[in-house]
Every structure is written in structure tokens, then in C-alpha cells.
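Written below as C-alpha cells is the structure these notes are about.
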Amino acid sequence: VTVVGAGYVGLSNGLMLSKHFQTSLIDKDNLKINSLKKNISPIKDKKIEEYLSNEKLNIKFSSELENVFGRTDLYILALPTNYSQTTNSFDTTILTEVIDQISSNEAESCVLIKSTIPVGFTDEISKKYRNIKFFFSPEFLREGTALADCLSPSRIVIGSNHIDEAN
């Protein structure tokens with residue numbers, strides 16, 4: 001599993017998954033990656049700090065997405081999509097750039113989007129990137145308790161046109 005984005009959502013999901021799966025966590029911010037390589041959390045979250053210090057994790061940290069091409073079964077994208085009041089929409093530029101990189105380097109792949117996206121976004125990108133199976137699962141995490149919320153979710157929502165094919 002490859003998680004792209006080491007904020008609250010990406011880091012908590014990456015750590016949780018690394019207890020059971022070989023996981024890579026990718027983030028462009030070298031300061032975050034260097035901290036994580038030293039088992040130091042770049043964000044305030046008691047459970048994340050405990051996991052990094054005490055748990056046996058199967059996780060690698062990198063700032064280069066290219067390091068995982070051809071070696072991952074699932075990409076989880078937890079990237080910023082800030083809302084712009086000027087355009088009255090979410091900025092999906094970073095998300096689309098990463099999807100384009102994955103599509104250009106993988107013949108087929110599965111991508112789970114955890115980022116906040118506008119209605120219709122997955123339909124739009126599914127038509128453009130036919131070699132990717134897209135899934136969407138919004139995250140319901142609180143800053144400061146993200147990993148605890150991830151480990152004991154109040155709800156799980158997932159959607160895709162490929163649900164039957166994933167089994």
C-alpha cells in the first residue's frame with residue numbers, strides 16, 4: 001500500500017495499515033519525511049507519537065513517488081484540496097497531478113481518494129484515466145486524535161463503480 005500525503009489523514013492511515021501491510025508513505029515535504037524516519041511525528045497526535053515510538057511498523061517514508069511505481073497494489077491519496085471562496089470550488093490540482101503521475105507510470109492501478117473533492121470529480125477522472133480503478137472514502141478524523149479515530153472509526157463510507165470488481 002502506498003499513501004501519498006503525510007498530514008493527519010495520510011499519516012494516520014499509513015501507520016494503521018503498516019501494522020498489517022507493507023506500506024510506503026510519500027510526502028513532498030522533506031522535513032516531514034526526515035522527522036518520520038527518526039520516528040518523530042510532524043503533527044501533534046498522542047497516538048501517532050506512541051505508534052512511531054513503540055509499535056512494530058512495516059512502513060517506509062520517502063519524498064519520491066517514483067520509488068513505488070510497479071511495487072504497490074493500492075494508492076491512497078490524502079492530499080490537500082483547499083476550498084477557494086474566490087472560485088467557489090475545491091482546488092484539485094495537487095490531486096490531479098499525482099493521479100497523472102500514477103497513470104503515466106502504471107499500466108493498471110487502484111486509487112483510493114481520501115481527499116475532499118467536489119461532486120462529480122471521480123466520474124470526471126474515471127473517464128480521463130481509464131487504466132485506474134478509483135474508489136472514494138471520505139475521512140472523519142479530528143486533528144489531535146486522528147490515529148485513534150482511524151483505529152476506532154465512528155463510520156466508514158466507500159464508493160466506486162468498481163466495487164464488484166474489487167472482490
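Identifiers for the C-alpha cells are assigned positionally: chains receive A, B, ... in sequence, residues are indexed from 1 per chain, and ligands are indexed from 1 in the order shown.
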
> Per DSSP on the backbone, what are the alpha helix (DSSP H) residues of segment 25-141 of chain A, as number ranges by chain?
Replying inline: A: 30-37, 46-54, 93-105, 121-128

> Can you list every residue in segment 3-160 of chain A that DSSP puts in strand (DSSP E), as a VMD selection string?
Replying inline: chain A and resid 3 to 4 23 to 26 59 to 62 75 to 77 83 to 84 89 to 90 109 to 113 132 to 136

> Do you know which residues are at most 7 Å from Ile33 of chain A counting only C-alpha atoms, after dropping those on the same chain fewer than 5 positions away, and could you put them as a ChimeraX atom specification?
Replying inline: /A:27,61-63

>> If we count only C-alpha atoms and set the cut-off at 8 Å, which residues sit around Ser137 of chain A, ignoring sequence neighbours fewer than 6 positions away in its own chain? Please answer as number ranges by chain.
In response: A: 112-114, 156-159

> What does the distance from atom CA of Asp29 of chain A to atom CA of Ser152 of chain A come to in Å, to one decimal?
Replying inline: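 The value is 28.2 Å.
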
> Between A:Gln101, A:Asn161, A:Asn39, A:Asn30, which is the closest to Thr122 of chain A once you count only C-alpha atoms?
Replying inline: A:Asn161

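Minimum distance to Ser35 of chain A across A:Ala6, A:Ala148, A:Val119, A:Leu65 (counting only C-alpha atoms) occurs at A:Ala6.
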
>> Env of Ala107 of chain A: 12 Å cut, atoms = only C-alpha atoms, seq-sep filter 4 positions within chain, self excluded. Answer as a ChimeraX atom specification.
In response: /A:69-70,73,101-103,129-133

Could the residues in this selection be saved with C-alpha atoms as a PDB file, in the first residue's frame?
ATOM      1  CA  PHE A  69       5.841   2.539  -9.158  1.00  0.00           C
ATOM      2  CA  GLY A  70       5.347  -1.105 -10.073  1.00  0.00           C
ATOM      3  CA  ASP A  73      -1.306  -2.690  -5.123  1.00  0.00           C
ATOM      4  CA  GLN A 101       1.927  10.562 -12.396  1.00  0.00           C
ATOM      5  CA  ILE A 102       0.412   7.240 -11.317  1.00  0.00           C
ATOM      6  CA  SER A 103      -1.441   6.806 -14.609  1.00  0.00           C
ATOM      7  CA  TYR A 129      -7.748   7.818 -16.599  1.00  0.00           C
ATOM      8  CA  ARG A 130      -9.206   4.542 -17.828  1.00  0.00           C
ATOM      9  CA  ASN A 131      -6.253   2.484 -16.519  1.00  0.00           C
ATOM     10  CA  ILE A 132      -7.108   3.359 -12.916  1.00  0.00           C
ATOM     11  CA  LYS A 133      -9.895   1.971 -10.750  1.00  0.00           C
TER      12      LYS A 133
END

>> Measuring between only C-alpha atoms, which one of A:Cys110, A:Ile40, A:Leu95, A:Met16 shows the shortest distance to Leu74 of chain A?
In response: A:Cys110

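Proximity ranking of A:Ile76, A:Leu25, A:Leu15, A:Ile125 relative to Ser53 of chain A places A:Leu15 first, based on only C-alpha atoms.
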
Excluding same-chain residues fewer than 2 positions from Thr92 of chain A, what lies within 10 Å of it counting only C-alpha atoms, as a JSON list (two decimals) with N, CA, C and O atoms, in the first residue's frame?
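So around.json came out as:
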[["chain", "number", "residue", "atom", "x", "y", "z"],
["A", 79, "LEU", "N", -4.37, 14.12, 0.00],
["A", 79, "LEU", "CA", -3.70, 15.36, -0.41],
["A", 79, "LEU", "C", -4.60, 16.56, -0.19],
["A", 79, "LEU", "O", -5.83, 16.45, -0.21],
["A", 80, "PRO", "N", -4.00, 17.73, -0.02],
["A", 80, "PRO", "CA", -4.81, 18.93, 0.21],
["A", 80, "PRO", "C", -5.62, 19.33, -1.03],
["A", 80, "PRO", "O", -5.13, 19.28, -2.15],
["A", 81, "THR", "N", -6.87, 19.66, -0.79],
["A", 81, "THR", "CA", -7.76, 20.20, -1.83],
["A", 81, "THR", "C", -8.48, 21.40, -1.21],
["A", 81, "THR", "O", -9.67, 21.35, -0.93],
["A", 82, "ASN", "N", -7.72, 22.43, -0.97],
["A", 82, "ASN", "CA", -8.26, 23.60, -0.27],
["A", 82, "ASN", "C", -9.42, 24.22, -1.01],
["A", 82, "ASN", "O", -9.43, 24.27, -2.25],
["A", 83, "TYR", "N", -10.38, 24.71, -0.24],
["A", 83, "TYR", "CA", -11.55, 25.37, -0.81],
["A", 83, "TYR", "C", -11.23, 26.83, -1.09],
["A", 83, "TYR", "O", -10.68, 27.53, -0.24],
["A", 89, "SER", "N", -14.93, 26.65, -5.23],
["A", 89, "SER", "CA", -14.70, 25.24, -5.51],
["A", 89, "SER", "C", -13.44, 24.75, -4.81],
["A", 89, "SER", "O", -12.66, 25.54, -4.28],
["A", 90, "PHE", "N", -13.26, 23.43, -4.81],
["A", 90, "PHE", "CA", -12.05, 22.84, -4.26],
["A", 90, "PHE", "C", -10.96, 22.83, -5.31],
["A", 90, "PHE", "O", -11.21, 22.56, -6.48],
["A", 94, "ILE", "N", -3.26, 19.46, -7.02],
["A", 94, "ILE", "CA", -2.26, 18.53, -6.50],
["A", 94, "ILE", "C", -2.74, 17.09, -6.67],
["A", 94, "ILE", "O", -1.98, 16.22, -7.09],
["A", 95, "LEU", "N", -3.98, 16.85, -6.38],
["A", 95, "LEU", "CA", -4.56, 15.51, -6.52],
["A", 95, "LEU", "C", -4.48, 15.03, -7.97],
["A", 95, "LEU", "O", -4.02, 13.92, -8.25],
["A", 96, "THR", "N", -4.84, 15.88, -8.91],
["A", 96, "THR", "CA", -4.81, 15.52, -10.32],
["A", 96, "THR", "C", -3.38, 15.30, -10.81],
["A", 96, "THR", "O", -3.12, 14.38, -11.60],
["A", 97, "GLU", "N", -2.43, 16.09, -10.31],
["A", 97, "GLU", "CA", -1.03, 15.90, -10.70],
["A", 97, "GLU", "C", -0.52, 14.53, -10.26],
["A", 97, "GLU", "O", 0.18, 13.85, -11.02],
["A", 115, "SER", "N", -9.06, 12.50, 0.00],
["A", 115, "SER", "CA", -9.13, 13.96, -0.02],
["A", 115, "SER", "C", -10.56, 14.43, -0.21],
["A", 115, "SER", "O", -11.39, 13.72, -0.78],
["A", 116, "THR", "N", -10.84, 15.65, 0.25],
["A", 116, "THR", "CA", -12.14, 16.26, -0.01],
["A", 116, "THR", "C", -12.19, 16.67, -1.47],
["A", 116, "THR", "O", -11.28, 17.35, -1.96],
["A", 117, "ILE", "N", -13.22, 16.23, -2.16],
["A", 117, "ILE", "CA", -13.32, 16.51, -3.60],
["A", 117, "ILE", "C", -14.72, 17.01, -3.94],
["A", 117, "ILE", "O", -15.68, 16.73, -3.24],
["A", 118, "PRO", "N", -14.84, 17.72, -5.06],
["A", 118, "PRO", "CA", -16.17, 18.20, -5.47],
["A", 118, "PRO", "C", -17.02, 17.05, -6.03],
["A", 118, "PRO", "O", -16.50, 16.04, -6.52],
["A", 121, "PHE", "N", -16.26, 14.64, -9.28],
["A", 121, "PHE", "CA", -14.82, 14.55, -9.56],
["A", 121, "PHE", "C", -14.41, 13.13, -9.96],
["A", 121, "PHE", "O", -13.66, 12.94, -10.92]]

> In terms of the shortest atom-to-atom distance over only C-alpha atoms, which of A:Lys127, A:Lys38, A:Arg142, A:Arg155 is closest to Val9 of chain A?
Replying inline: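 Among the listed residues, the smallest separation from Val9 of chain A belongs to A:Arg142.
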
> For Phe21 of chain A, which residue out of A:Ile48, A:Ala146, A:Val1, A:Ile43 is the nearest one, using only C-alpha atoms?
Replying inline: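 Among the listed residues, A:Val1 lies closest to Phe21 of chain A.
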
> Separation of atom CA of Asn105 of chain A and atom CA of Pro42 of chain A, in Å?
Replying inline: 29.3 Å

> What is the atom CA of Pro153 of chain A to atom CA of Glu124 of chain A distance in Å?
Replying inline: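 Calculated distance between atom CA of Pro153 of chain A and atom CA of Glu124 of chain A is 28.9 Å.
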
> Residues at most 12 Å from Leu147 of chain A, counting only C-alpha atoms, excluding those fewer than 2 positions away in the same chain, as a PyMOL selection string?
Replying inline: chain A and resi 7-17+41+43-52+139-145+149-153
